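Following: one structure in structure tokens, then a few remarks.
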Amino acid sequence: MRRKDREITEKQEIFNIIQKCDVCRLAFFDEKFPYIVPLNFGATLENDTITLYFHGANAGKKMELLEKNNAVAFEFDGTHKLVEGEKACNYTMKYESVCGTGYLEKLPQEQKLQAFTVIMKQYTDKKQLSFSPEALEATAVLKLTINEIRGKRNA
């Protein structure tokens with residue numbers, strides 16, 4: 001990273017940035033160009049390891065690309081604030097971001113409920129969540145095991 005003064009390496013701090021976000025962008029390998037898709041997500045931090053979870057349809061381009069190559073890149077960003085300067089070249093942006101790579105896998109049926117619960121906790125404080133068995137069966141739930149992760153902040 002060029003700007004080491006903005007780099008974040010502490011996993012708890014990176015996880016805190018992720019928790020402030022509402023979308024994660026996943027990049028898949030496609031034939032000619034990368035394929036990027038914004039997704040709702042959930043995240044856990046256990047033993048200094050961050051794991052990401054996603055849900056979506058069982059079919060479509062994302063799933064086709066996943067079957068061909070499960071190596072993906074991901075990106076989060078937030079807390080944007082424009083800082084004006086005297087001249088256009090002196091403007092800057094305050095932000096926090098997290099980028100990384102990892103391996104994505106489709107979870108088996110028996111692991112979906114736990115992952116769905118993690119995803120829902122990203123968006124709601126409700127303690128009691130119920131899921132219909134039909135929805136769990138019809139939805140793909142994906143787990144991203146992180147290979148590399150970095151945070152960056154211009155505060």
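In the structure tokens, chains take the letters A, B, ... in the order shown, each chain's residues start at 1, and ligands count up from 1 in the order shown.
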
Enumerate, in order of chain and increasing residue number, the residues of range 39-75 of chain A with an atom no farther than 12 Å from range 122-133 of chain A, each with its shortest atom pair and distance in Å to one decimal, counting only C-alpha atoms, as a tab-separated table.
```
residue	atom	partner	partner_atom	distance
A:Asn40	CA	A:Gln122	CA	8.8
A:Phe41	CA	A:Gln122	CA	7.2
A:Gly42	CA	A:Gln122	CA	5.4
A:Ala43	CA	A:Gln122	CA	7.4
A:Thr44	CA	A:Gln122	CA	9.8
A:Leu52	CA	A:Gln122	CA	10.9
A:Tyr53	CA	A:Gln122	CA	10.4
A:Phe54	CA	A:Gln122	CA	11.1
```

At a cut-off of 8 Å, can you tabulate as a Markdown table every residue of range 42-70 of chain A near range 3-20 of chain A together with its closest atom pair and the distance in Å to one decimal, using only C-alpha atoms and ordering rows by chain then number?
```
| residue | atom | partner | partner_atom | distance |
| --- | --- | --- | --- | --- |
| A:Ala43 | CA | A:Gln19 | CA | 7.6 |
| A:Leu45 | CA | A:Phe15 | CA | 7.0 |
| A:Asp48 | CA | A:Lys11 | CA | 6.1 |
| A:Thr49 | CA | A:Lys11 | CA | 7.5 |
| A:Ile50 | CA | A:Phe15 | CA | 7.2 |
```

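Distance-wise, CA of Ala140 in chain A and CA of Gly56 in chain A end up 5.3 Å apart.
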
Which of range 51-116 of chain A fall in helix (DSSP H, G or I), as a list in words: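 Helix (DSSP H, G or I) members of range 51-116 of chain A, listed: Lys61, Lys62, Met63, Glu64, Leu65, Leu66, Glu67, Lys68, Ala88, Cys89, Asn90, Gln109, Glu110, Gln111, Lys112, Leu113, Gln114, Ala115 and Phe116 of chain A.
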
Ala138 in chain A environment, 10 Å, only C-alpha atoms, sequence neighbours closer than 3 positions dropped, as a PDB file with N, CA, C and O atoms, in the first residue's frame:
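Resulting contents of out03.pdb:
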```pdb
ATOM      1  N   GLY A  56     -28.409 -15.399  -2.145  1.00  0.00           N
ATOM      2  CA  GLY A  56     -28.891 -15.035  -3.467  1.00  0.00           C
ATOM      3  C   GLY A  56     -29.579 -16.212  -4.124  1.00  0.00           C
ATOM      4  O   GLY A  56     -29.786 -17.260  -3.514  1.00  0.00           O
ATOM      5  N   ALA A  57     -29.896 -16.009  -5.372  1.00  0.00           N
ATOM      6  CA  ALA A  57     -30.568 -17.056  -6.136  1.00  0.00           C
ATOM      7  C   ALA A  57     -29.628 -18.236  -6.364  1.00  0.00           C
ATOM      8  O   ALA A  57     -28.410 -18.082  -6.400  1.00  0.00           O
ATOM      9  N   ASN A  58     -30.215 -19.401  -6.525  1.00  0.00           N
ATOM     10  CA  ASN A  58     -29.435 -20.613  -6.803  1.00  0.00           C
ATOM     11  C   ASN A  58     -28.943 -20.683  -8.240  1.00  0.00           C
ATOM     12  O   ASN A  58     -28.161 -21.569  -8.574  1.00  0.00           O
ATOM     13  N   GLN A 109     -27.256 -27.227   3.111  1.00  0.00           N
ATOM     14  CA  GLN A 109     -28.525 -26.881   3.748  1.00  0.00           C
ATOM     15  C   GLN A 109     -28.404 -26.732   5.263  1.00  0.00           C
ATOM     16  O   GLN A 109     -28.943 -25.792   5.840  1.00  0.00           O
ATOM     17  N   PRO A 133     -38.727 -22.561   6.088  1.00  0.00           N
ATOM     18  CA  PRO A 133     -37.936 -23.661   5.497  1.00  0.00           C
ATOM     19  C   PRO A 133     -37.911 -23.590   3.972  1.00  0.00           C
ATOM     20  O   PRO A 133     -36.899 -23.916   3.360  1.00  0.00           O
ATOM     21  N   GLU A 134     -38.994 -23.125   3.373  1.00  0.00           N
ATOM     22  CA  GLU A 134     -39.059 -23.017   1.909  1.00  0.00           C
ATOM     23  C   GLU A 134     -38.039 -21.988   1.391  1.00  0.00           C
ATOM     24  O   GLU A 134     -37.381 -22.208   0.384  1.00  0.00           O
ATOM     25  N   ALA A 135     -37.933 -20.858   2.098  1.00  0.00           N
ATOM     26  CA  ALA A 135     -36.977 -19.824   1.690  1.00  0.00           C
ATOM     27  C   ALA A 135     -35.541 -20.316   1.859  1.00  0.00           C
ATOM     28  O   ALA A 135     -34.687 -20.062   1.005  1.00  0.00           O
ATOM     29  N   VAL A 141     -26.776 -19.831  -0.081  1.00  0.00           N
ATOM     30  CA  VAL A 141     -26.044 -19.096   0.946  1.00  0.00           C
ATOM     31  C   VAL A 141     -24.564 -19.378   0.730  1.00  0.00           C
ATOM     32  O   VAL A 141     -24.153 -20.532   0.590  1.00  0.00           O
TER      33      VAL A 141
END
```

Which range 5-46 of chain A residues have any atom within 8 Å of an atom of range 66-78 of chain A, and for each, what is the nearest pair of atoms with distance in Å to one decimal, counting only C-alpha atoms, rows sorted by chain and number, as a tab-separated table?
```
residue	atom	partner	partner_atom	distance
A:Ile17	CA	A:Gly78	CA	7.9
A:Ile18	CA	A:Phe76	CA	6.7
A:Lys20	CA	A:Gly78	CA	7.3
A:Cys21	CA	A:Gly78	CA	6.1
A:Val23	CA	A:Phe76	CA	6.8
A:Cys24	CA	A:Phe76	CA	5.2
A:Arg25	CA	A:Glu75	CA	5.2
A:Leu26	CA	A:Phe74	CA	4.5
A:Ala27	CA	A:Ala73	CA	5.0
A:Phe28	CA	A:Val72	CA	5.2
A:Phe29	CA	A:Asn69	CA	6.8
```

Output file for the selection above: N, CA and C atoms, as a PDB file, in the first residue's frame:
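Wrote it out as result.pdb, contents follow:
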```pdb
ATOM      1  N   ILE A  17     -15.198  -1.397  10.512  1.00  0.00           N
ATOM      2  CA  ILE A  17     -15.534  -0.713   9.255  1.00  0.00           C
ATOM      3  C   ILE A  17     -16.577  -1.524   8.490  1.00  0.00           C
ATOM      4  N   ILE A  18     -16.364  -2.836   8.390  1.00  0.00           N
ATOM      5  CA  ILE A  18     -17.303  -3.708   7.684  1.00  0.00           C
ATOM      6  C   ILE A  18     -18.698  -3.593   8.293  1.00  0.00           C
ATOM      7  N   LYS A  20     -20.130  -1.127   9.601  1.00  0.00           N
ATOM      8  CA  LYS A  20     -20.778   0.148   9.251  1.00  0.00           C
ATOM      9  C   LYS A  20     -21.337   0.141   7.826  1.00  0.00           C
ATOM     10  N   CYS A  21     -20.950  -0.832   7.019  1.00  0.00           N
ATOM     11  CA  CYS A  21     -21.339  -0.863   5.607  1.00  0.00           C
ATOM     12  C   CYS A  21     -22.647  -1.617   5.414  1.00  0.00           C
ATOM     13  N   VAL A  23     -23.355  -2.756   1.984  1.00  0.00           N
ATOM     14  CA  VAL A  23     -23.172  -3.493   0.733  1.00  0.00           C
ATOM     15  C   VAL A  23     -21.718  -3.940   0.635  1.00  0.00           C
ATOM     16  N   CYS A  24     -21.526  -5.138   0.135  1.00  0.00           N
ATOM     17  CA  CYS A  24     -20.198  -5.639  -0.208  1.00  0.00           C
ATOM     18  C   CYS A  24     -20.204  -5.925  -1.701  1.00  0.00           C
ATOM     19  N   ARG A  25     -19.167  -5.497  -2.382  1.00  0.00           N
ATOM     20  CA  ARG A  25     -19.041  -5.783  -3.805  1.00  0.00           C
ATOM     21  C   ARG A  25     -18.098  -6.968  -3.983  1.00  0.00           C
ATOM     22  N   LEU A  26     -18.592  -7.982  -4.695  1.00  0.00           N
ATOM     23  CA  LEU A  26     -17.786  -9.158  -5.006  1.00  0.00           C
ATOM     24  C   LEU A  26     -17.390  -9.115  -6.469  1.00  0.00           C
ATOM     25  N   ALA A  27     -16.144  -9.443  -6.752  1.00  0.00           N
ATOM     26  CA  ALA A  27     -15.656  -9.507  -8.133  1.00  0.00           C
ATOM     27  C   ALA A  27     -15.305 -10.952  -8.460  1.00  0.00           C
ATOM     28  N   PHE A  28     -15.923 -11.444  -9.522  1.00  0.00           N
ATOM     29  CA  PHE A  28     -15.709 -12.812 -10.005  1.00  0.00           C
ATOM     30  C   PHE A  28     -14.867 -12.770 -11.273  1.00  0.00           C
ATOM     31  N   PHE A  29     -14.164 -13.858 -11.547  1.00  0.00           N
ATOM     32  CA  PHE A  29     -13.468 -13.994 -12.820  1.00  0.00           C
ATOM     33  C   PHE A  29     -14.503 -14.293 -13.900  1.00  0.00           C
TER      34      PHE A  29
END
```

Residues of chain A in strand (DSSP E or B), written as a PyMOL selection string: chain A and resi 7-8+24-28+35-39+41-46+49-57+71-83+92-106+139-154

Which residue of A:Met120, A:Val98, A:Leu82, A:Ala115 approaches Leu142 in chain A most closely, using only C-alpha atoms: A:Ala115

Two-atom distance - CA of Val37 in chain A, CA of Lys106 in chain A (Å): 16.4 Å

Nearest candidate to Glu105 in chain A (options A:Ile146, A:Glu137, A:Lys61, A:Cys89; using only C-alpha atoms):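 Among A:Ile146, A:Glu137, A:Lys61, A:Cys89, it is A:Ile146 that comes nearest to Glu105 in chain A.
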
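Between CA of Cys99 in chain A and CA of Gln111 in chain A the interatomic distance comes to 25.8 Å.
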
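Restricting the calculation to only C-alpha atoms, the smallest distance between Lys62 in chain A and any of A:Tyr35, A:Ile149, A:Ser97, A:Gly85 is found for A:Tyr35.
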
Of the listed residues A:Thr79, A:Thr139, A:Gln114, A:Asn147, that which approaches Met93 in chain A most closely, counting only C-alpha atoms: A:Thr79
